[in-house]
$ cat work_36.txt   # compact mmCIF, C-alpha atoms
# COMPACT_ATOMS: atom_id res chain seq x y z
CA MET A 1 46.98 -12.94 99.64
CA LEU A 2 45.21 -9.73 98.68
CA ARG A 3 43.62 -9.56 102.10
CA LYS A 4 47.05 -9.99 103.72
CA ASN A 5 48.50 -7.14 101.64
CA LYS A 6 45.61 -4.87 102.62
CA LEU A 7 46.22 -5.69 106.26
CA ILE A 8 49.92 -4.86 105.97
CA HIS A 9 49.03 -1.62 104.18
CA LEU A 10 46.57 -0.68 106.94
CA VAL A 11 49.18 -1.39 109.64
CA CYS A 12 51.68 0.86 107.81
CA ILE A 13 49.15 3.69 107.59
CA LEU A 14 48.33 3.40 111.30
CA GLY A 15 52.04 3.45 112.12
CA LEU A 16 52.51 6.57 110.03
CA ILE A 17 49.59 8.30 111.78
CA ILE A 18 51.01 7.47 115.22
CA ALA A 19 54.45 8.70 114.18
CA LEU A 20 53.01 11.98 112.87
CA ALA A 21 51.02 12.43 116.08
CA ALA A 22 54.17 11.90 118.13
CA CYS A 23 56.03 14.46 116.04
CA GLY A 24 53.16 16.88 116.53
CA ASN A 25 53.33 16.45 120.30
CA SER A 26 57.10 16.83 120.23
CA ASN A 27 56.83 20.05 118.22
CA GLY A 28 54.22 21.35 120.62
CA SER A 29 56.49 20.63 123.57
CA ASN A 30 59.44 22.33 121.89
CA HIS A 31 57.25 25.32 121.16
CA SER A 32 56.23 25.52 124.82
CA ASP A 33 59.86 25.31 125.95
CA GLN A 34 60.82 28.00 123.45
CA LYS A 35 57.99 30.19 124.68
CA THR A 36 59.25 29.85 128.25
CA ALA A 37 62.80 30.68 127.15
CA ASP A 38 61.56 33.69 125.20
CA ASN A 39 59.60 34.80 128.27
CA LEU A 40 62.75 34.77 130.38
CA GLY A 41 64.96 36.24 127.66
CA ASN A 42 68.45 37.11 128.88
CA LYS A 43 68.76 35.23 132.16
CA ASP A 44 71.55 37.33 133.68
CA ILE A 45 70.16 40.17 135.80
CA THR A 46 72.16 42.71 137.84
CA LEU A 47 70.49 44.75 140.58
CA SER A 48 72.29 47.76 142.07
CA TYR A 49 71.67 49.04 145.57
CA VAL A 50 73.13 51.13 148.38
CA ALA A 51 74.00 49.53 151.73
CA TRP A 52 70.94 50.82 153.57
CA VAL A 53 69.16 48.15 155.59
CA SER A 54 65.89 48.78 153.72
CA ALA A 55 67.66 48.41 150.37
CA ILE A 56 69.47 45.28 151.53
CA ALA A 57 66.12 43.74 152.47
CA SER A 58 64.28 44.60 149.24
CA ASN A 59 67.13 43.61 146.93
CA HIS A 60 67.69 40.22 148.54
CA VAL A 61 63.96 39.51 148.33
CA MET A 62 63.93 40.42 144.65
CA GLU A 63 67.04 38.30 144.13
CA ALA A 64 65.23 35.27 145.59
CA VAL A 65 62.08 35.83 143.52
CA LEU A 66 63.96 36.33 140.25
CA GLU A 67 66.12 33.28 140.90
CA ASP A 68 62.98 31.21 141.52
CA ALA A 69 61.73 32.40 138.13
CA GLY A 70 64.90 31.10 136.45
CA TYR A 71 67.28 34.07 136.44
CA ASN A 72 70.92 34.36 137.46
CA VAL A 73 70.98 37.41 139.73
CA THR A 74 73.97 39.52 140.71
CA LEU A 75 73.61 42.09 143.48
CA LYS A 76 75.92 45.08 143.13
CA GLN A 77 76.40 47.22 146.25
CA ILE A 78 77.48 50.75 145.29
CA THR A 79 76.92 54.43 146.16
CA SER A 80 73.76 56.37 145.34
CA GLY A 81 75.21 58.21 142.36
CA ALA A 82 76.78 55.06 140.94
CA MET A 83 73.48 53.23 141.41
CA TYR A 84 71.71 55.68 139.12
CA SER A 85 74.52 55.92 136.58
CA SER A 86 74.98 52.15 136.34
CA VAL A 87 71.32 51.58 135.50
CA ALA A 88 71.35 54.49 133.05
CA ASP A 89 74.39 53.18 131.17
CA GLY A 90 73.23 49.54 131.26
CA THR A 91 75.95 48.28 133.58
CA SER A 92 73.09 47.29 135.89
CA ASP A 93 69.62 46.23 134.82
CA ALA A 94 67.57 47.76 137.64
CA THR A 95 67.41 49.22 141.11
CA VAL A 96 64.57 49.07 143.62
CA CYS A 97 66.04 51.80 145.86
CA ALA A 98 65.07 55.10 144.20
CA TRP A 99 63.61 57.63 146.65
CA LEU A 100 61.49 59.94 144.51
CA PRO A 101 60.37 62.57 143.75
CA TYR A 102 62.22 64.54 146.45
CA THR A 103 65.26 62.88 148.01
CA ASP A 104 66.93 61.60 144.82
CA LYS A 105 65.70 64.44 142.64
CA SER A 106 69.18 65.53 141.54
CA TYR A 107 70.08 62.01 140.38
CA TRP A 108 66.76 61.57 138.61
CA GLU A 109 67.14 64.87 136.75
CA LYS A 110 70.63 63.88 135.63
CA TYR A 111 69.85 60.35 134.40
CA LYS A 112 66.09 60.22 133.72
CA ASP A 113 66.45 60.19 129.92
CA ASN A 114 68.09 56.76 130.14
CA LEU A 115 65.89 55.26 132.86
CA VAL A 116 62.47 53.60 132.91
CA ASP A 117 60.29 54.31 135.95
CA LEU A 118 58.19 51.24 136.85
CA GLY A 119 56.59 52.99 139.80
CA PRO A 120 56.80 52.43 143.57
CA HIS A 121 57.00 49.22 145.55
CA ILE A 122 56.62 51.22 148.79
CA HIS A 123 54.32 54.24 149.04
CA LYS A 124 54.93 57.26 151.26
CA ALA A 125 58.23 56.54 153.00
CA PRO A 126 59.22 59.47 155.28
CA LEU A 127 62.74 60.50 156.20
CA GLY A 128 64.39 63.29 158.13
CA LEU A 129 66.30 64.06 161.33
CA VAL A 130 65.45 61.66 164.15
CA VAL A 131 66.13 61.67 167.89
CA PRO A 132 65.24 59.39 170.82
CA GLU A 133 61.91 60.22 172.47
CA TYR A 134 63.64 61.13 175.74
CA MET A 135 65.29 64.17 174.14
CA ASP A 136 63.63 67.54 174.82
CA VAL A 137 63.72 68.79 171.24
CA ASP A 138 60.87 68.50 168.73
CA SER A 139 61.82 70.56 165.70
CA ILE A 140 64.82 71.33 163.51
CA GLU A 141 64.27 74.92 164.60
CA ASP A 142 65.20 73.81 168.14
CA LEU A 143 68.66 72.93 166.83
CA ALA A 144 69.03 76.39 165.33
CA LYS A 145 68.00 77.95 168.65
CA ASN A 146 70.27 75.57 170.58
CA LYS A 147 67.35 74.66 172.82
CA ASN A 148 68.48 73.32 176.21
CA GLY A 149 72.09 73.47 175.01
CA ILE A 150 71.48 70.66 172.52
CA GLY A 151 74.48 71.79 170.46
CA GLU A 152 76.98 71.40 173.27
CA LYS A 153 75.37 68.10 174.39
CA THR A 154 75.81 66.54 170.95
CA ASP A 155 79.09 68.25 170.05
CA TRP A 156 77.13 70.12 167.35
CA THR A 157 77.03 66.89 165.33
CA ILE A 158 74.34 65.23 163.24
CA THR A 159 75.27 61.61 162.55
CA GLY A 160 74.53 60.76 158.94
CA ILE A 161 74.94 57.93 156.45
CA ASP A 162 77.01 57.70 153.24
CA ALA A 163 77.91 61.12 151.88
CA GLY A 164 76.42 60.55 148.43
CA ALA A 165 72.95 59.58 149.66
CA GLY A 166 70.14 61.86 148.54
CA GLN A 167 69.07 62.39 152.15
CA MET A 168 72.56 63.63 152.99
CA GLN A 169 72.55 66.06 150.07
CA VAL A 170 69.17 67.47 151.10
CA THR A 171 70.34 67.76 154.71
CA ARG A 172 73.58 69.48 153.78
CA LYS A 173 72.36 71.80 151.02
CA LYS A 174 68.83 72.64 152.12
CA VAL A 175 68.16 71.81 155.75
CA MET A 176 71.38 73.06 157.33
CA THR A 177 71.47 76.16 155.14
CA GLY A 178 67.74 76.89 155.34
CA TYR A 179 67.57 76.60 159.13
CA GLY A 180 70.87 78.40 159.74
CA LEU A 181 72.66 75.44 161.31
CA ASP A 182 76.02 77.12 160.76
CA LYS A 183 77.61 75.68 163.90
CA TRP A 184 76.46 72.15 163.16
CA HIS A 185 78.47 69.41 161.47
CA LEU A 186 76.90 66.65 159.36
CA LYS A 187 79.04 63.58 159.93
CA SER A 188 79.15 61.13 157.02
CA SER A 189 79.40 57.43 157.87
CA SER A 190 77.23 54.53 156.73
CA GLY A 191 73.83 53.10 157.56
CA THR A 192 75.46 50.51 159.79
CA ALA A 193 77.71 53.00 161.58
CA MET A 194 74.83 55.42 162.08
CA THR A 195 72.58 52.80 163.71
CA ALA A 196 75.48 51.56 165.85
CA ALA A 197 75.96 55.11 167.16
CA LEU A 198 72.21 55.39 167.75
CA GLN A 199 72.12 52.11 169.71
CA LYS A 200 75.08 53.14 171.85
CA ALA A 201 73.58 56.53 172.65
CA ILE A 202 70.21 55.04 173.59
CA LYS A 203 71.85 52.38 175.78
CA ASN A 204 73.57 55.18 177.72
CA LYS A 205 70.56 57.51 177.41
CA GLU A 206 72.70 60.14 175.71
CA PRO A 207 71.50 62.73 173.19
CA ILE A 208 72.01 62.00 169.50
CA ILE A 209 70.63 63.29 166.21
CA VAL A 210 70.67 61.03 163.15
CA THR A 211 69.48 60.97 159.57
CA LEU A 212 66.93 58.18 159.40
CA TRP A 213 64.01 56.94 157.33
CA SER A 214 60.99 54.66 157.48
CA PRO A 215 60.60 51.75 157.17
CA HIS A 216 63.57 50.89 159.37
CA TRP A 217 64.03 48.32 162.14
CA ALA A 218 65.15 51.05 164.54
CA PHE A 219 61.56 52.30 164.83
CA SER A 220 60.52 48.84 166.02
CA ASP A 221 63.34 48.51 168.53
CA PHE A 222 63.50 52.05 169.97
CA ASP A 223 61.20 54.94 170.88
CA LEU A 224 62.15 57.52 168.28
CA LYS A 225 60.68 60.68 166.82
CA TYR A 226 61.20 62.75 163.70
CA LEU A 227 62.11 66.38 164.29
CA LYS A 228 59.46 68.60 162.73
CA ASP A 229 60.48 70.25 159.47
CA PRO A 230 58.21 73.32 159.29
CA LYS A 231 59.95 74.60 156.15
CA ASN A 232 59.40 71.20 154.52
CA PHE A 233 62.91 70.95 153.07
CA TYR A 234 62.71 67.17 153.17
CA GLY A 235 59.48 67.36 151.20
CA ASP A 236 56.48 65.11 151.55
CA PRO A 237 57.18 61.40 152.07
CA ASP A 238 58.82 59.83 149.03
CA ASP A 239 57.87 56.67 147.20
CA ILE A 240 60.56 53.99 146.94
CA LYS A 241 60.62 53.24 143.24
CA ILE A 242 61.83 50.62 140.79
CA LEU A 243 63.96 51.95 137.93
CA THR A 244 65.26 49.87 135.02
CA ARG A 245 67.57 50.42 132.12
CA LYS A 246 66.02 51.03 128.74
CA GLY A 247 65.52 47.80 126.83
CA LEU A 248 65.11 45.47 129.82
CA LYS A 249 61.47 44.81 128.89
CA GLU A 250 62.57 43.49 125.50
CA ASP A 251 65.71 41.70 126.71
CA SER A 252 64.28 39.98 129.83
CA PRO A 253 60.47 40.21 129.65
CA ALA A 254 59.68 38.06 132.69
CA ALA A 255 62.18 39.90 134.93
CA ASN A 256 60.75 43.23 133.83
CA LYS A 257 57.20 42.01 134.55
CA ILE A 258 58.14 40.80 138.03
CA LEU A 259 59.82 44.11 138.83
CA ASP A 260 56.83 46.01 137.44
CA GLN A 261 54.44 44.04 139.67
CA PHE A 262 56.62 44.28 142.80
CA HIS A 263 54.78 46.05 145.61
CA TRP A 264 54.37 45.40 149.33
CA LYS A 265 53.65 47.05 152.66
CA LYS A 266 56.23 48.71 154.88
CA GLU A 267 55.59 46.11 157.58
CA ASN A 268 56.77 43.34 155.27
CA MET A 269 60.04 45.08 154.51
CA GLN A 270 60.50 45.86 158.19
CA LYS A 271 60.11 42.16 159.12
CA ILE A 272 63.09 41.30 156.92
CA MET A 273 65.12 44.18 158.31
CA SER A 274 64.44 42.95 161.83
CA MET A 275 65.49 39.40 160.92
CA ILE A 276 68.75 40.74 159.49
CA HIS A 277 69.33 42.98 162.50
CA ASN A 278 68.76 40.03 164.81
CA GLY A 279 71.45 37.93 163.16
CA LEU A 280 70.16 36.29 159.99
CA GLU A 281 72.20 36.73 156.83
CA PRO A 282 70.31 38.92 154.30
CA LYS A 283 70.02 36.06 151.79
CA GLU A 284 68.67 33.73 154.48
CA ALA A 285 66.20 36.30 155.81
CA ALA A 286 64.92 37.05 152.31
CA ARG A 287 64.52 33.36 151.49
CA LYS A 288 62.61 32.75 154.73
CA TRP A 289 60.25 35.63 154.02
CA VAL A 290 59.68 34.62 150.37
CA ASP A 291 58.95 30.99 151.31
CA ASN A 292 56.46 32.10 153.98
CA HIS A 293 54.69 34.72 151.85
CA GLN A 294 53.96 33.00 148.57
CA ASP A 295 50.53 34.65 148.48
CA ILE A 296 52.25 38.03 148.11
CA VAL A 297 55.01 36.77 145.81
CA SER A 298 52.46 35.17 143.48
CA GLU A 299 51.09 38.66 142.77
CA TRP A 300 54.53 39.75 141.60
CA THR A 301 55.00 36.70 139.36
CA LYS A 302 51.48 36.67 137.92
CA GLY A 303 51.58 36.08 134.15
CA VAL A 304 55.19 34.86 134.20
CA GLN A 305 55.72 31.34 132.80
$ encode --input "work_36.txt" --output "structure tokens"
Amino acid sequence: MLRKNKLIHLVCILGLIIALAACGNSNGSNHSDQKTADNLGNKDITLSYVAWVSAIASNHVMEAVLEDAGYNVTLKQITSGAMYSSVADGTSDATVCAWLPYTDKSYWEKYKDNLVDLGPHIHKAPLGLVVPEYMDVDSIEDLAKNKNGIGEKTDWTITGIDAGAGQMQVTRKKVMTGYGLDKWHLKSSSGTAMTAALQKAIKNKEPIIVTLWSPHWAFSDFDLKYLKDPKNFYGDPDDIKILTRKGLKEDSPAANKILDQFHWKKENMQKIMSMIHNGLEPKEAARKWVDNHQDIVSEWTKGVQ
């Protein structure tokens, strides 16, 4: 009888040990899940951007990567000024479309106290006035001199993008004033309208002057050249930077880390722009690129659970 009681007692002890071990494993699993949740933090992320084809490409790629990490991403298409102000006031969490230190200098100076600069994802991105190679002008000074009657041939018009873009401000306030382009008119439109006008002019081999930047699909599709800027009003090539609102690192650690580690080559961005230009929806083009370039994406997500 005593032996039987000892056996029952031993079975009870073993059962208790197994139960405690199971609880320990359960607690460890819960801890791991909590750690992952803490790593993500607030899962709702808003990215602001301007409707430039380069910005459309980079934002949709970042949308796909952040969604794969577990975030709910909203893309907000707005103007340049609103892009900066929305990140500064916390209405948006980040932008990956800041052209600094030259082109967007006025916006940076106005909002920098409420922004966090995570550095560039594209290094040395030039911009300026661009013409087709077949045009017999090579410098902005040629416009001032009306070389070969270029003013009359183009109706004294430079075809630009959205009026609030930093490039438009530099063109209007510095380039046109500094080079004495008093007769010239800077026509505001949009990135899409500008490239449509460029395509039409090239198809008919007509002269046209546009505000353009690199990387851009147009440089892959057409023979184009930047007009020289001997007075360097456009400045040296900008970096395209990632800016976040203050507090994002604490609120959404994994998203902040991914944004901080985001960097790629111009050719990669240009591939997505070409896919979009050739008919793919931006979301579809971004997803295709992300799925086919996991070696690059894994560098951005390194250290994220």
$ closest_atom_pairs --input "work_36.txt" --of "region 16-134 of chain A" --to "region 164-180 of chain A" --cutoff "12 Å" --atoms "all atoms listed in the file" --output "tab-separated table"
residue	atom	partner	partner_atom	distance
A:Tyr49	CA	A:Ala165	CA	11.4
A:Val50	CA	A:Ala165	CA	8.5
A:Ala51	CA	A:Ala165	CA	10.3
A:Trp52	CA	A:Ala165	CA	9.8
A:Ile78	CA	A:Gly164	CA	10.3
A:Thr79	CA	A:Gly164	CA	6.5
A:Ser80	CA	A:Ala165	CA	5.4
A:Gly81	CA	A:Gly164	CA	6.6
A:Ala82	CA	A:Gly164	CA	9.3
A:Met83	CA	A:Ala165	CA	10.4
A:Tyr84	CA	A:Ala165	CA	11.3
A:Cys97	CA	A:Ala165	CA	11.1
A:Ala98	CA	A:Gly166	CA	9.5
A:Trp99	CA	A:Gly166	CA	8.0
A:Leu100	CA	A:Gly166	CA	9.7
A:Pro101	CA	A:Gly166	CA	10.9
A:Tyr102	CA	A:Gly166	CA	8.6
A:Thr103	CA	A:Gly166	CA	5.0
A:Asp104	CA	A:Gly166	CA	4.9
A:Lys105	CA	A:Gly166	CA	7.8
A:Ser106	CA	A:Gly166	CA	8.0
A:Tyr107	CA	A:Gly166	CA	8.2
A:Trp108	CA	A:Gly166	CA	10.5
A:Pro126	CA	A:Gln167	CA	10.7
A:Leu127	CA	A:Gln167	CA	7.7
A:Gly128	CA	A:Gln167	CA	7.6
A:Leu129	CA	A:Thr171	CA	8.6
$ write_last_selection --input "work_36.txt" --atoms "C-alpha atoms" --output "PDB file, in the coordinates of the input"
ATOM      1  CA  TYR A  49      71.670  49.040 145.570  1.00  0.00           C
ATOM      2  CA  VAL A  50      73.130  51.130 148.380  1.00  0.00           C
ATOM      3  CA  ALA A  51      74.000  49.530 151.730  1.00  0.00           C
ATOM      4  CA  TRP A  52      70.940  50.820 153.570  1.00  0.00           C
ATOM      5  CA  ILE A  78      77.480  50.750 145.290  1.00  0.00           C
ATOM      6  CA  THR A  79      76.920  54.430 146.160  1.00  0.00           C
ATOM      7  CA  SER A  80      73.760  56.370 145.340  1.00  0.00           C
ATOM      8  CA  GLY A  81      75.210  58.210 142.360  1.00  0.00           C
ATOM      9  CA  ALA A  82      76.780  55.060 140.940  1.00  0.00           C
ATOM     10  CA  MET A  83      73.480  53.230 141.410  1.00  0.00           C
ATOM     11  CA  TYR A  84      71.710  55.680 139.120  1.00  0.00           C
ATOM     12  CA  CYS A  97      66.040  51.800 145.860  1.00  0.00           C
ATOM     13  CA  ALA A  98      65.070  55.100 144.200  1.00  0.00           C
ATOM     14  CA  TRP A  99      63.610  57.630 146.650  1.00  0.00           C
ATOM     15  CA  LEU A 100      61.490  59.940 144.510  1.00  0.00           C
ATOM     16  CA  PRO A 101      60.370  62.570 143.750  1.00  0.00           C
ATOM     17  CA  TYR A 102      62.220  64.540 146.450  1.00  0.00           C
ATOM     18  CA  THR A 103      65.260  62.880 148.010  1.00  0.00           C
ATOM     19  CA  ASP A 104      66.930  61.600 144.820  1.00  0.00           C
ATOM     20  CA  LYS A 105      65.700  64.440 142.640  1.00  0.00           C
ATOM     21  CA  SER A 106      69.180  65.530 141.540  1.00  0.00           C
ATOM     22  CA  TYR A 107      70.080  62.010 140.380  1.00  0.00           C
ATOM     23  CA  TRP A 108      66.760  61.570 138.610  1.00  0.00           C
ATOM     24  CA  PRO A 126      59.220  59.470 155.280  1.00  0.00           C
ATOM     25  CA  LEU A 127      62.740  60.500 156.200  1.00  0.00           C
ATOM     26  CA  GLY A 128      64.390  63.290 158.130  1.00  0.00           C
ATOM     27  CA  LEU A 129      66.300  64.060 161.330  1.00  0.00           C
TER      28      LEU A 129
END
$ axis_aligned_box --input "work_36.txt" --around "region 87-98 of chain A" --padding-each-side "6 Å" --output "JSON"
{"center_x": 70.3, "center_y": 50.7, "center_z": 138.5, "size_x": 23.4, "size_y": 20.9, "size_z": 26.7}
$ atom_distance --input "work_36.txt" --atom1 "CA of Ala218 (chain A)" --atom2 "CA of Met275 (chain A)"
12.2 Å
$ closest_residue --input "work_36.txt" --among "A:Ala201, A:Ala125, A:Leu259, A:Leu186" --to "Gly235 (chain A)" --atoms "only C-alpha atoms"
A:Ala125
$ closest_residue --input "work_36.txt" --among "A:Val130, A:Ile140, A:Ile258, A:Val304" --to "Phe233 (chain A)" --atoms "all atoms listed in the file"
A:Ile140
$ residues_around --input "work_36.txt" --residues "Lys76 (chain A)" --least-positions-apart "5" --cutoff "12 Å" --atoms "all atoms listed in the file" --output "PDB file with C-alpha atoms, keeping the file's coordinate frame"
ATOM      1  CA  ILE A  45      70.160  40.170 135.800  1.00  0.00           C
ATOM      2  CA  THR A  46      72.160  42.710 137.840  1.00  0.00           C
ATOM      3  CA  LEU A  47      70.490  44.750 140.580  1.00  0.00           C
ATOM      4  CA  SER A  48      72.290  47.760 142.070  1.00  0.00           C
ATOM      5  CA  TYR A  49      71.670  49.040 145.570  1.00  0.00           C
ATOM      6  CA  VAL A  50      73.130  51.130 148.380  1.00  0.00           C
ATOM      7  CA  ALA A  51      74.000  49.530 151.730  1.00  0.00           C
ATOM      8  CA  ALA A  55      67.660  48.410 150.370  1.00  0.00           C
ATOM      9  CA  ILE A  56      69.470  45.280 151.530  1.00  0.00           C
ATOM     10  CA  ASN A  59      67.130  43.610 146.930  1.00  0.00           C
ATOM     11  CA  HIS A  60      67.690  40.220 148.540  1.00  0.00           C
ATOM     12  CA  GLU A  63      67.040  38.300 144.130  1.00  0.00           C
ATOM     13  CA  ALA A  82      76.780  55.060 140.940  1.00  0.00           C
ATOM     14  CA  MET A  83      73.480  53.230 141.410  1.00  0.00           C
ATOM     15  CA  SER A  86      74.980  52.150 136.340  1.00  0.00           C
ATOM     16  CA  VAL A  87      71.320  51.580 135.500  1.00  0.00           C
ATOM     17  CA  THR A  91      75.950  48.280 133.580  1.00  0.00           C
ATOM     18  CA  SER A  92      73.090  47.290 135.890  1.00  0.00           C
ATOM     19  CA  ASP A  93      69.620  46.230 134.820  1.00  0.00           C
ATOM     20  CA  ALA A  94      67.570  47.760 137.640  1.00  0.00           C
ATOM     21  CA  THR A  95      67.410  49.220 141.110  1.00  0.00           C
TER      22      THR A  95
END
$ atom_distance --input "work_36.txt" --atom1 "CA of Ala196 (chain A)" --atom2 "CA of Lys147 (chain A)"
25.5 Å
$ atom_distance --input "work_36.txt" --atom1 "CA of Asn114 (chain A)" --atom2 "CA of Gly70 (chain A)"
26.6 Å
$ closest_residue --input "work_36.txt" --among "A:Thr211, A:Gln77, A:Gln294, A:Thr301" --to "Thr157 (chain A)" --atoms "only C-alpha atoms"
A:Thr211
$ closest_residue --input "work_36.txt" --among "A:Pro132, A:Ser58, A:Asn39, A:Val137" --to "Asn204 (chain A)" --atoms "all atoms listed in the file"
A:Pro132
$ closest_residue --input "work_36.txt" --among "A:Asp136, A:Asp221, A:Glu141, A:Asp238" --to "Ser274 (chain A)" --atoms "all atoms listed in the file"
A:Asp221
$ residues_near_point --input "work_36.txt" --point "(61.0, 42.1, 132.1)" --cutoff "10 Å" --atoms "all atoms listed in the file" --output "list in words"
Asn39, Leu40, Gly41, Asn42, Asp93, Thr244, Gly247, Leu248, Lys249, Glu250, Asp251, Ser252, Pro253, Ala254, Ala255, Asn256, Lys257, Ile258, Leu259, Asp260 and Val304 of chain A
$ residues_near_point --input "work_36.txt" --point "(62.0, 71.0, 165.7)" --cutoff "9 Å" --atoms "only C-alpha atoms" --output "PyMOL selection string"
chain A and resi 137-144+226-230
$ closest_residue --input "work_36.txt" --among "A:Leu198, A:Val96, A:Ser54, A:Ala69" --to "Ser298 (chain A)" --atoms "only C-alpha atoms"
A:Ala69
